[in-house]
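Input: a single structure, listed below in structure tokens.
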Amino acid sequence: SKATVSVLYCPPLPPLFMTLHDASIHVFSGFCSSVVSRTMTAPVERIKMELQCATGAGREGVYSVAKRVQASTGVKGFFQGNLVNCVKVGPQGALWFAATEMLKEKLPGPQGEMKSFWAGSLAGVLAQSVVFPLEPVKSRLTLATGTYKGMSDCLAQLIRQHGLKGVYKGWVPAMAGVIPYAGIDRCAYDRFLKHAPPSNYTPLLCGFISSSIACTVAYPLALIRTRLQVQGMASNRPHIYKGSWHCFTTIHRSEGVTGLWKGLLPSLAKSAPASAVSYCIYEWTKRNLAAVW
């Protein structure tokens with residue numbers, strides 16, 4: 001009967017994930033934007049890591065680090081480790097952009113800043129966890145000149161010396177840093193984009209501002225992660241820290257509060273333009289792919 005049919009009928013539930021067509025656009029756009037932006041800012045990334053890993057009270061400036069790298073390895077030294085960087089940030093950016101867009105649609109609650117924050121945070125944890133084993137490889141290839149034959153050799157030596165635990169060393173502070181960074185970055189970007197006048201350069205400006213805010217807030221956790229990952233990799237980088245909290249207290253005691261933000265300036269000089277370029281290329285690629293595909 002009609003009554004029986006109406007009782008048994010259940011309307012189809014909305015799909016949990018976005019369509020393959022939409023996901024492909026977000027993944028491809030995110031991959032391209034991340035690789036291009038990271039390559040453009042590779043020299044600043046090298047200087048930032050050198051400053052982050054400099055222990056003690058002595059402070060080497062940006063210019064002196066750049067001069068030292070240029071003298072020891074030439075221009076190519078500024079792009080050392082960029083291949084593994086791209087192998088890492090390409091999939092990471094693809095996952096982050098696609099997962100953020102999906103979570104903004106599927107998370108419960110009204111659209112707004114809090115949904116953007118949690119969508120960015122959860123997507124950041126997912127993307128960072130997937131590619132995290134490449135993080136210590138990137139750090140070692142960037143800083144340990146001539147020690148490894150390549151990416152696979154570095155990863156093999158890391159696993160041989162420290163096991164799988166060594167590959168995920170610094171994961172906890174990394175995730176603790178990803179949550180505020182990715183959340184604030186996406187929340188601020190969406191808010192600025194909503195209120196800014198439409199223009200081809202609007203994503204560039206919004207991405208620059210949102211990344212600057214997010215990077216400043218989450219920077220101490222990124223510093224701790226880097227210190228944990230690179231200790232013991234060379235004779236001039238001995239094992240000092242027993243864990244995340246010990247690293248934090250040691251830096252605070254020996255280098256002061258400002259030591260927790262050591263290398264912030266080159267980090268901002270790298271992350272803010274990289275994020276701005278990434279958002280701009282992502283929006284441009286997504287818009288053009290949607291128009292022709």
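In the structure tokens, chains take letters A, B, ... by order of appearance, with residues numbered from 1 within each chain and ligands from 1 in the order shown.
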Which residues in stretch 36-205 of chain A does DSSP call alpha helix (DSSP H)? List them as a PDB file with C-alpha atoms, in the first residue's frame.
```pdb
ATOM      1  CA  VAL A  36      55.402  26.244  -6.984  1.00  0.00           C
ATOM      2  CA  SER A  37      55.237  28.298  -3.794  1.00  0.00           C
ATOM      3  CA  ARG A  38      57.755  26.114  -1.938  1.00  0.00           C
ATOM      4  CA  THR A  39      60.293  26.216  -4.770  1.00  0.00           C
ATOM      5  CA  MET A  40      60.023  30.006  -4.966  1.00  0.00           C
ATOM      6  CA  ALA A  42      63.428  27.528  -0.951  1.00  0.00           C
ATOM      7  CA  PRO A  43      66.369  29.906  -0.233  1.00  0.00           C
ATOM      8  CA  VAL A  44      64.514  31.476   2.690  1.00  0.00           C
ATOM      9  CA  GLU A  45      63.591  28.005   3.981  1.00  0.00           C
ATOM     10  CA  ARG A  46      67.300  27.088   4.116  1.00  0.00           C
ATOM     11  CA  ILE A  47      68.186  30.223   6.075  1.00  0.00           C
ATOM     12  CA  LYS A  48      65.245  29.716   8.433  1.00  0.00           C
ATOM     13  CA  MET A  49      66.289  26.156   9.292  1.00  0.00           C
ATOM     14  CA  GLU A  50      69.887  27.218   9.933  1.00  0.00           C
ATOM     15  CA  LEU A  51      68.673  29.874  12.377  1.00  0.00           C
ATOM     16  CA  GLN A  52      66.216  27.512  14.068  1.00  0.00           C
ATOM     17  CA  VAL A  62      70.185  36.325   8.343  1.00  0.00           C
ATOM     18  CA  TYR A  63      72.921  37.964   6.283  1.00  0.00           C
ATOM     19  CA  SER A  64      75.752  36.011   7.926  1.00  0.00           C
ATOM     20  CA  VAL A  65      73.889  32.704   7.416  1.00  0.00           C
ATOM     21  CA  ALA A  66      73.246  33.529   3.754  1.00  0.00           C
ATOM     22  CA  LYS A  67      76.903  34.475   3.279  1.00  0.00           C
ATOM     23  CA  ARG A  68      78.086  31.241   4.913  1.00  0.00           C
ATOM     24  CA  VAL A  69      75.804  29.051   2.772  1.00  0.00           C
ATOM     25  CA  GLN A  70      76.884  30.885  -0.378  1.00  0.00           C
ATOM     26  CA  ALA A  71      80.563  30.458   0.497  1.00  0.00           C
ATOM     27  CA  SER A  72      80.305  26.752   1.345  1.00  0.00           C
ATOM     28  CA  THR A  73      77.939  25.383  -1.324  1.00  0.00           C
ATOM     29  CA  ASN A  82      64.109  21.274  -2.246  1.00  0.00           C
ATOM     30  CA  LEU A  83      63.263  18.063  -4.130  1.00  0.00           C
ATOM     31  CA  VAL A  84      62.279  16.227  -0.968  1.00  0.00           C
ATOM     32  CA  ASN A  85      60.543  19.424   0.122  1.00  0.00           C
ATOM     33  CA  CYS A  86      58.395  19.318  -3.016  1.00  0.00           C
ATOM     34  CA  VAL A  87      57.772  15.570  -2.636  1.00  0.00           C
ATOM     35  CA  LYS A  88      56.502  16.383   0.849  1.00  0.00           C
ATOM     36  CA  VAL A  89      54.523  19.597   0.327  1.00  0.00           C
ATOM     37  CA  GLY A  90      52.930  18.541  -2.976  1.00  0.00           C
ATOM     38  CA  PRO A  91      50.808  15.724  -1.505  1.00  0.00           C
ATOM     39  CA  GLN A  92      50.466  17.643   1.755  1.00  0.00           C
ATOM     40  CA  GLY A  93      49.009  20.684   0.005  1.00  0.00           C
ATOM     41  CA  ALA A  94      46.770  18.523  -2.165  1.00  0.00           C
ATOM     42  CA  LEU A  95      45.384  16.712   0.878  1.00  0.00           C
ATOM     43  CA  TRP A  96      45.011  19.884   2.932  1.00  0.00           C
ATOM     44  CA  PHE A  97      43.090  21.892   0.352  1.00  0.00           C
ATOM     45  CA  ALA A  98      40.820  18.986  -0.614  1.00  0.00           C
ATOM     46  CA  ALA A  99      40.135  17.919   2.989  1.00  0.00           C
ATOM     47  CA  THR A 100      39.513  21.514   4.097  1.00  0.00           C
ATOM     48  CA  GLU A 101      36.916  22.074   1.388  1.00  0.00           C
ATOM     49  CA  MET A 102      35.214  18.781   2.228  1.00  0.00           C
ATOM     50  CA  LEU A 103      35.177  19.407   5.989  1.00  0.00           C
ATOM     51  CA  LYS A 104      33.802  22.921   5.537  1.00  0.00           C
ATOM     52  CA  GLU A 105      30.804  21.332   3.835  1.00  0.00           C
ATOM     53  CA  LYS A 106      30.404  18.249   6.035  1.00  0.00           C
ATOM     54  CA  GLU A 113      34.966  31.266  11.258  1.00  0.00           C
ATOM     55  CA  MET A 114      34.806  28.369  13.743  1.00  0.00           C
ATOM     56  CA  LYS A 115      33.948  25.862  11.032  1.00  0.00           C
ATOM     57  CA  SER A 116      36.816  27.184   8.905  1.00  0.00           C
ATOM     58  CA  PHE A 117      39.133  26.869  11.921  1.00  0.00           C
ATOM     59  CA  TRP A 118      38.264  23.240  12.647  1.00  0.00           C
ATOM     60  CA  ALA A 119      38.211  22.297   8.979  1.00  0.00           C
ATOM     61  CA  GLY A 120      41.700  23.735   8.526  1.00  0.00           C
ATOM     62  CA  SER A 121      42.981  22.151  11.747  1.00  0.00           C
ATOM     63  CA  LEU A 122      41.655  18.641  11.073  1.00  0.00           C
ATOM     64  CA  ALA A 123      42.777  18.753   7.459  1.00  0.00           C
ATOM     65  CA  GLY A 124      46.197  19.946   8.609  1.00  0.00           C
ATOM     66  CA  VAL A 125      46.581  17.039  11.059  1.00  0.00           C
ATOM     67  CA  LEU A 126      45.577  14.555   8.340  1.00  0.00           C
ATOM     68  CA  ALA A 127      47.890  15.998   5.676  1.00  0.00           C
ATOM     69  CA  GLN A 128      50.852  16.462   8.017  1.00  0.00           C
ATOM     70  CA  SER A 129      50.543  12.941   9.474  1.00  0.00           C
ATOM     71  CA  VAL A 130      50.556  11.313   6.035  1.00  0.00           C
ATOM     72  CA  VAL A 131      53.766  13.027   4.889  1.00  0.00           C
ATOM     73  CA  LEU A 134      59.558  13.061   5.003  1.00  0.00           C
ATOM     74  CA  GLU A 135      59.951  15.936   7.505  1.00  0.00           C
ATOM     75  CA  PRO A 136      63.121  14.644   9.228  1.00  0.00           C
ATOM     76  CA  VAL A 137      64.456  13.588   5.801  1.00  0.00           C
ATOM     77  CA  LYS A 138      63.948  17.139   4.539  1.00  0.00           C
ATOM     78  CA  SER A 139      65.679  18.607   7.583  1.00  0.00           C
ATOM     79  CA  ARG A 140      68.690  16.300   7.284  1.00  0.00           C
ATOM     80  CA  LEU A 141      69.145  16.741   3.544  1.00  0.00           C
ATOM     81  CA  THR A 142      68.953  20.510   3.978  1.00  0.00           C
ATOM     82  CA  LEU A 143      71.443  20.785   6.833  1.00  0.00           C
ATOM     83  CA  MET A 151      66.235  10.946  -0.216  1.00  0.00           C
ATOM     84  CA  SER A 152      65.943   7.126  -0.071  1.00  0.00           C
ATOM     85  CA  ASP A 153      69.407   6.757   1.493  1.00  0.00           C
ATOM     86  CA  CYS A 154      68.587   9.350   4.141  1.00  0.00           C
ATOM     87  CA  LEU A 155      65.298   7.635   5.029  1.00  0.00           C
ATOM     88  CA  ALA A 156      66.979   4.206   5.145  1.00  0.00           C
ATOM     89  CA  GLN A 157      69.755   5.440   7.455  1.00  0.00           C
ATOM     90  CA  LEU A 158      67.222   7.183   9.689  1.00  0.00           C
ATOM     91  CA  ILE A 159      65.163   4.005  10.086  1.00  0.00           C
ATOM     92  CA  ARG A 160      68.296   1.891  10.582  1.00  0.00           C
ATOM     93  CA  GLN A 161      69.641   4.150  13.324  1.00  0.00           C
ATOM     94  CA  HIS A 162      66.459   5.119  15.151  1.00  0.00           C
ATOM     95  CA  GLY A 163      63.715   2.788  13.913  1.00  0.00           C
ATOM     96  CA  LEU A 164      60.229   3.944  12.946  1.00  0.00           C
ATOM     97  CA  LYS A 165      60.098   5.957  16.154  1.00  0.00           C
ATOM     98  CA  GLY A 166      62.884   8.159  14.805  1.00  0.00           C
ATOM     99  CA  VAL A 167      60.887   8.845  11.649  1.00  0.00           C
ATOM    100  CA  TRP A 171      55.200  14.343  15.790  1.00  0.00           C
ATOM    101  CA  VAL A 172      53.434  15.538  18.959  1.00  0.00           C
ATOM    102  CA  PRO A 173      54.756  19.133  18.898  1.00  0.00           C
ATOM    103  CA  ALA A 174      54.253  19.132  15.128  1.00  0.00           C
ATOM    104  CA  MET A 175      50.568  18.264  15.500  1.00  0.00           C
ATOM    105  CA  ALA A 176      50.234  20.701  18.388  1.00  0.00           C
ATOM    106  CA  GLY A 177      51.608  23.361  16.056  1.00  0.00           C
ATOM    107  CA  VAL A 178      49.564  22.302  13.036  1.00  0.00           C
ATOM    108  CA  ILE A 179      46.230  22.669  14.833  1.00  0.00           C
ATOM    109  CA  PRO A 180      46.562  26.393  15.641  1.00  0.00           C
ATOM    110  CA  TYR A 181      48.544  27.201  12.491  1.00  0.00           C
ATOM    111  CA  ALA A 182      46.298  25.502   9.920  1.00  0.00           C
ATOM    112  CA  GLY A 183      43.138  26.499  11.790  1.00  0.00           C
ATOM    113  CA  ILE A 184      44.036  30.179  12.201  1.00  0.00           C
ATOM    114  CA  ASP A 185      45.421  30.349   8.662  1.00  0.00           C
ATOM    115  CA  ARG A 186      42.237  29.034   7.052  1.00  0.00           C
ATOM    116  CA  CYS A 187      39.894  30.887   9.418  1.00  0.00           C
ATOM    117  CA  ALA A 188      41.629  34.233   8.833  1.00  0.00           C
ATOM    118  CA  TYR A 189      41.912  33.637   5.082  1.00  0.00           C
ATOM    119  CA  ASP A 190      38.200  32.877   4.690  1.00  0.00           C
ATOM    120  CA  ARG A 191      37.232  35.890   6.794  1.00  0.00           C
ATOM    121  CA  PHE A 192      39.490  38.312   4.917  1.00  0.00           C
ATOM    122  CA  LEU A 193      38.427  36.867   1.569  1.00  0.00           C
ATOM    123  CA  LYS A 194      34.768  37.299   2.469  1.00  0.00           C
ATOM    124  CA  HIS A 195      35.111  41.000   3.263  1.00  0.00           C
ATOM    125  CA  THR A 202      42.808  39.383  -3.248  1.00  0.00           C
ATOM    126  CA  PRO A 203      43.819  35.748  -2.460  1.00  0.00           C
ATOM    127  CA  LEU A 204      47.468  36.857  -2.531  1.00  0.00           C
ATOM    128  CA  LEU A 205      46.930  39.566   0.081  1.00  0.00           C
TER     129      LEU A 205
END
```
| task | Quick one: pull the distance between atom CA of A:Gly81 and atom CA of A:His239, Å, one decimal. | result | 22.6 Å
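Among the candidate residues A:Lys270, A:His26, A:Lys262, A:Arg287, the one lying nearest to A:Leu221 is A:Lys262, with distances computed using only C-alpha atoms.
Proximity to A:Phe78 was assessed for A:Ala218, A:Thr41, A:Lys169, A:Lys286 counting only C-alpha atoms; the smallest distance is recorded for A:Thr41.
If you look at atom CA of A:Tyr168 and atom CA of A:Phe132, they are 6.8 Å away from each other.
Comparing A:Thr250, A:Gln231, A:Ser211, A:Thr216 by their smallest distance to A:Ser278, the closest is A:Ser211 (using only C-alpha atoms).
Taking only C-alpha atoms into account, A:Leu260 lies nearest to A:Cys53 out of the set A:Cys53, A:Val75, A:Ile281, A:Leu107.
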